[in-house]
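> Dropping a structure here in structure tokens format, bear with me for questions.
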Amino acid sequence: MEVRDNAVAYLLKSVPAPAPAAARPQQARKRTAPRTVGTRVSGQPAFVLHSYPYKETSLIVELLTRDFGRVALIAKGAKRPHSQLRGVLQTFQPLSTGWTGKNELRTLTDADWVGGLLPLEKTALLCGFYLNELLVKLLARDDAHPALFDHYVSTLNQLAHNEPPPIVLRKFETALLKETGVAADLTRCADTRGKVKAAVQYVVDPERGPRPARDDDTAPRVAGKTLLDMQREEYTDPATQAQSKQLMRFLLAHQLNGAPLNTRQILIDLMQL
């Protein structure tokens, strides 16, 4: 299942977030800095997260870019039948993009399909939409997270190659909270700052991290072993899978201020993720 297409090497221009050995691309080529001329950007690796109509013939497109984070761009004329952008601005398709402008909403100048990833199908496709919804709702615009971009590419690759979706999603959710700086260290007790103990039951304060569970706690209880397993990305233990699922729901709900995730509910209904 190893990806050998040069286009993936173009996207993964630095060491990606850890992935199962069978899904890791070959060593990427040395990354060149994004080209900028004044307010113009070109040759920027990107994926479409979301798009919606703008005026009669255009779209507003939310992109996840490697060096600029989440950006919102006007794709002028993209809804016209013969627009070159019409067939390119699709989700989960590796793109090379460019734009211009100084404001938060800038203008897309070019988008070229790069290729190199297998298409997502069935459950994997719905999982991909869940990733995109998380990124749109939790990532601030113009806040670059290159490691998270690489992890996103690796996650799409794992889903396309039928890696177990619950485990793949837990890894990405954890990486998202860590990379955006809102997740405390799950391996350190917030009360003592010592390493969590595998046999102790904890609850995780979203702001401070794990502490030993008390009788009156309403937050999900997780074993220290689960927290250590999550740090190692080791999910073979069924208890780790079940407890990490509840923990990540709790932590994400806190960051979303209780706002629902539409794709998650569909996934829960279909797969009990």
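Here, A, B, ... name the chains of the structure tokens in the order displayed, residue numbers run from 1 inside each chain, and ligands are numbered from 1 in the same displayed order.
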Find the spatial neighbours of stretch 97-100 of chain A, counting only C-alpha atoms, within a cut-off of 9 Å - ignore same-chain residues fewer than 5 positions away - and output them as an mmCIF file with N, CA, C and O atoms, in the first residue's frame.

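Result file follows (result-v6.cif):
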data_model
loop_
_atom_site.group_PDB
_atom_site.id
_atom_site.type_symbol
_atom_site.label_atom_id
_atom_site.label_comp_id
_atom_site.auth_asym_id
_atom_site.auth_seq_id
_atom_site.Cartn_x
_atom_site.Cartn_y
_atom_site.Cartn_z
ATOM 1 N N GLY A 38 4.841 40.297 -3.318
ATOM 2 C CA GLY A 38 3.900 41.215 -2.711
ATOM 3 C C GLY A 38 2.828 40.441 -1.972
ATOM 4 O O GLY A 38 3.102 39.723 -1.014
ATOM 5 N N THR A 39 1.609 40.564 -2.430
ATOM 6 C CA THR A 39 0.500 39.856 -1.800
ATOM 7 C C THR A 39 0.112 38.624 -2.597
ATOM 8 O O THR A 39 -0.944 38.055 -2.374
ATOM 9 N N ARG A 40 0.944 38.187 -3.522
ATOM 10 C CA ARG A 40 0.627 37.043 -4.369
ATOM 11 C C ARG A 40 1.340 35.791 -3.877
ATOM 12 O O ARG A 40 2.510 35.816 -3.541
ATOM 13 N N VAL A 41 0.603 34.689 -3.845
ATOM 14 C CA VAL A 41 1.147 33.390 -3.462
ATOM 15 C C VAL A 41 0.954 32.448 -4.635
ATOM 16 O O VAL A 41 -0.082 32.474 -5.307
ATOM 17 N N SER A 42 1.924 31.592 -4.890
ATOM 18 C CA SER A 42 1.780 30.598 -5.948
ATOM 19 C C SER A 42 2.442 29.295 -5.537
ATOM 20 O O SER A 42 3.308 29.262 -4.659
ATOM 21 N N GLY A 43 2.007 28.201 -6.182
ATOM 22 C CA GLY A 43 2.592 26.899 -5.933
ATOM 23 C C GLY A 43 2.387 26.369 -4.534
ATOM 24 O O GLY A 43 3.238 25.652 -4.006
ATOM 25 N N GLN A 44 1.237 26.681 -3.922
ATOM 26 C CA GLN A 44 0.973 26.293 -2.534
ATOM 27 C C GLN A 44 0.160 24.992 -2.470
ATOM 28 O O GLN A 44 -0.957 24.915 -2.989
ATOM 29 N N PRO A 45 0.706 23.923 -1.854
ATOM 30 C CA PRO A 45 -0.052 22.679 -1.689
ATOM 31 C C PRO A 45 -1.305 22.931 -0.857
ATOM 32 O O PRO A 45 -1.259 23.606 0.174
ATOM 33 N N ALA A 46 -2.432 22.361 -1.296
ATOM 34 C CA ALA A 46 -3.698 22.659 -0.630
ATOM 35 C C ALA A 46 -4.729 21.571 -0.896
ATOM 36 O O ALA A 46 -4.607 20.785 -1.844
ATOM 37 N N THR A 65 -4.098 24.812 3.528
ATOM 38 C CA THR A 65 -2.819 24.937 2.829
ATOM 39 C C THR A 65 -1.688 24.575 3.779
ATOM 40 O O THR A 65 -1.812 24.683 5.003
ATOM 41 N N LEU A 73 -10.932 31.926 -0.066
ATOM 42 C CA LEU A 73 -10.638 32.555 -1.347
ATOM 43 C C LEU A 73 -11.905 32.645 -2.189
ATOM 44 O O LEU A 73 -12.760 31.759 -2.139
ATOM 45 N N ARG A 106 -9.451 36.543 0.015
ATOM 46 C CA ARG A 106 -8.599 36.857 -1.127
ATOM 47 C C ARG A 106 -9.123 36.199 -2.399
ATOM 48 O O ARG A 106 -10.155 35.540 -2.378
ATOM 49 N N THR A 107 -8.408 36.375 -3.493
ATOM 50 C CA THR A 107 -8.875 35.891 -4.793
ATOM 51 C C THR A 107 -7.987 34.756 -5.286
ATOM 52 O O THR A 107 -6.766 34.905 -5.397
ATOM 53 N N LEU A 108 -8.619 33.622 -5.577
ATOM 54 C CA LEU A 108 -7.912 32.475 -6.139
ATOM 55 C C LEU A 108 -7.468 32.812 -7.558
ATOM 56 O O LEU A 108 -8.258 33.274 -8.379
ATOM 57 N N THR A 109 -6.195 32.597 -7.858
ATOM 58 C CA THR A 109 -5.674 32.883 -9.199
ATOM 59 C C THR A 109 -5.403 31.625 -10.008
ATOM 60 O O THR A 109 -5.455 31.652 -11.230
ATOM 61 N N ASP A 110 -5.084 30.526 -9.333
ATOM 62 C CA ASP A 110 -4.893 29.271 -10.063
ATOM 63 C C ASP A 110 -5.044 28.091 -9.105
ATOM 64 O O ASP A 110 -4.802 28.198 -7.906
ATOM 65 N N ALA A 111 -5.465 26.969 -9.672
ATOM 66 C CA ALA A 111 -5.597 25.714 -8.932
ATOM 67 C C ALA A 111 -5.391 24.579 -9.911
ATOM 68 O O ALA A 111 -6.123 24.455 -10.891
ATOM 69 N N ASP A 112 -4.384 23.771 -9.655
ATOM 70 C CA ASP A 112 -4.056 22.651 -10.533
ATOM 71 C C ASP A 112 -4.089 21.357 -9.738
ATOM 72 O O ASP A 112 -3.563 21.271 -8.616
ATOM 73 N N TRP A 113 -4.706 20.345 -10.320
ATOM 74 C CA TRP A 113 -4.752 19.030 -9.697
ATOM 75 C C TRP A 113 -3.365 18.419 -9.725
ATOM 76 O O TRP A 113 -2.692 18.391 -10.755
#
> Could you please write out, as JSON, numbers by chain, every residue of stretch 36-265 of chain A that DSSP assigns to alpha helix (DSSP H)?
{"A": [122, 123, 124, 125, 126, 127, 128, 129, 130, 131, 132, 133, 134, 135, 136, 137, 138, 146, 147, 148, 149, 150, 151, 152, 153, 154, 155, 156, 157, 158, 159, 160, 165, 166, 167, 168, 169, 170, 171, 172, 173, 174, 175, 176, 177, 178, 179, 224, 225, 226, 227, 228, 229, 230, 231, 232, 238, 239, 240, 241, 242, 243, 244, 245, 246, 247, 248, 249, 250, 251, 252, 253, 254, 255, 262, 263, 264, 265]}
> How far is it from atom CA of A:Ser51 to atom CA of A:Leu138, in Å with one decimal?
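It comes out at 16.7 Å.
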> Report as a ChimeraX atom specification all protein, DNA and RNA residues lying within 12 Å of A:Ala175, evaluated on only C-alpha atoms, omitting residues in the same chain fewer than 2 positions from it.
/A:16-19,131,134-135,145-152,154-155,168-173,177-185,230-233,248
> Could you jot down the atom CA of A:Thr57 to atom CA of A:Gly77 separation for me, Å, one decimal place?
4.8 Å
> Using only C-alpha atoms, what does the table of stretch 106-175 of chain A residues within 8 Å of stretch 260-265 of chain A look like, with each row giving the shortest atom pair and its distance in Å to one decimal, sorted by chain and ascending number, as a tab-separated table?

residue	atom	partner	partner_atom	distance
A:Leu126	CA	A:Thr263	CA	7.1
A:Cys127	CA	A:Thr263	CA	7.8
A:Phe129	CA	A:Thr263	CA	6.7
A:Tyr130	CA	A:Thr263	CA	5.1
A:Glu133	CA	A:Leu261	CA	7.3
A:Leu134	CA	A:Leu261	CA	7.8
> DSSP on the backbone: what in stretch 52-207 of chain A comes out strand (DSSP E or B), as JSON, numbers by chain?
{"A": [52, 53, 54, 58, 59, 60, 61, 62, 63, 64, 65, 69, 70, 71, 72, 73, 74, 75, 91, 95, 96, 97, 98, 99, 100, 105, 106, 107, 108, 109, 110, 111, 112, 113, 141, 188, 195, 201, 202, 203, 204, 205]}
> Tell me which protein, DNA and RNA residues are within 12 Å of A:His50, counting only C-alpha atoms, leaving out same-chain ones fewer than 2 positions away, and put them as a list in words.
Phe47, Val48, Tyr52, Pro53, Leu59, Ile60, Val61, Glu62, Leu63, Leu64, Arg70, Val71, Ala72, Leu73, Leu89, Gln90, Thr91, Phe92, Gly128, Phe129, Tyr130, Leu131, Asn132, Glu133, Leu134, Leu135, Val136 and Lys137 of chain A
> Of the candidates A:Glu207, A:Asp143, A:Glu163, A:Glu56, which shows the shortest atom-to-atom distance to A:Glu104, using only C-alpha atoms?
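Of A:Glu207, A:Asp143, A:Glu163, A:Glu56, the one nearest A:Glu104, counting only C-alpha atoms, is A:Asp143.
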> For A:Val196, list every protein, DNA or RNA residue within 8 Å, evaluated using only C-alpha atoms, and leave out those in the same chain fewer than 5 positions away; present the list as a PyMOL selection string.
chain A and resi 187-189+210+224+227-228
> May I have the selected residues written with all heavy atoms, as a tab-separated table (two decimals), in the first residue's frame?

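As written to disk, selection05.tsv reads:
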chain	number	residue	atom	x	y	z
A	187	THR	N	-0.04	12.69	29.22
A	187	THR	CA	0.79	11.74	29.98
A	187	THR	C	1.27	12.31	31.30
A	187	THR	O	1.99	11.63	32.03
A	187	THR	CB	2.00	11.31	29.14
A	187	THR	OG1	2.87	12.43	28.94
A	187	THR	CG2	1.57	10.75	27.79
A	188	ARG	N	0.89	13.55	31.63
A	188	ARG	CA	1.33	14.19	32.86
A	188	ARG	C	0.13	14.53	33.73
A	188	ARG	O	-0.84	15.14	33.26
A	188	ARG	CB	2.12	15.47	32.56
A	188	ARG	CG	3.45	15.24	31.87
A	188	ARG	CD	4.47	14.67	32.85
A	188	ARG	NE	5.71	14.28	32.16
A	188	ARG	CZ	6.73	13.67	32.77
A	188	ARG	NH1	6.67	13.44	34.07
A	188	ARG	NH2	7.79	13.33	32.10
A	189	CYS	N	0.18	14.15	34.99
A	189	CYS	CA	-0.90	14.45	35.93
A	189	CYS	C	-0.90	15.95	36.21
A	189	CYS	O	0.14	16.54	36.55
A	189	CYS	CB	-0.71	13.67	37.22
A	189	CYS	SG	-1.96	14.02	38.47
A	210	PRO	N	-4.89	15.58	32.70
A	210	PRO	CA	-5.43	14.51	33.54
A	210	PRO	C	-5.22	14.77	35.03
A	210	PRO	O	-4.22	15.36	35.44
A	210	PRO	CB	-4.63	13.27	33.09
A	210	PRO	CG	-3.89	13.68	31.87
A	210	PRO	CD	-3.73	15.15	31.92
A	224	GLY	N	-5.09	5.28	33.10
A	224	GLY	CA	-3.79	5.83	32.73
A	224	GLY	C	-3.20	5.11	31.53
A	224	GLY	O	-2.54	5.71	30.69
A	227	LEU	N	-4.38	6.67	28.32
A	227	LEU	CA	-3.68	7.92	28.01
A	227	LEU	C	-2.27	7.65	27.46
A	227	LEU	O	-1.82	8.31	26.52
A	227	LEU	CB	-3.61	8.80	29.25
A	227	LEU	CG	-4.97	9.22	29.83
A	227	LEU	CD1	-4.77	10.00	31.13
A	227	LEU	CD2	-5.76	10.05	28.82
A	228	LEU	N	-1.60	6.69	28.05
A	228	LEU	CA	-0.26	6.33	27.57
A	228	LEU	C	-0.34	5.68	26.19
A	228	LEU	O	0.52	5.95	25.32
A	228	LEU	CB	0.41	5.40	28.56
A	228	LEU	CG	0.69	6.00	29.96
A	228	LEU	CD1	1.18	4.91	30.91
A	228	LEU	CD2	1.71	7.13	29.85
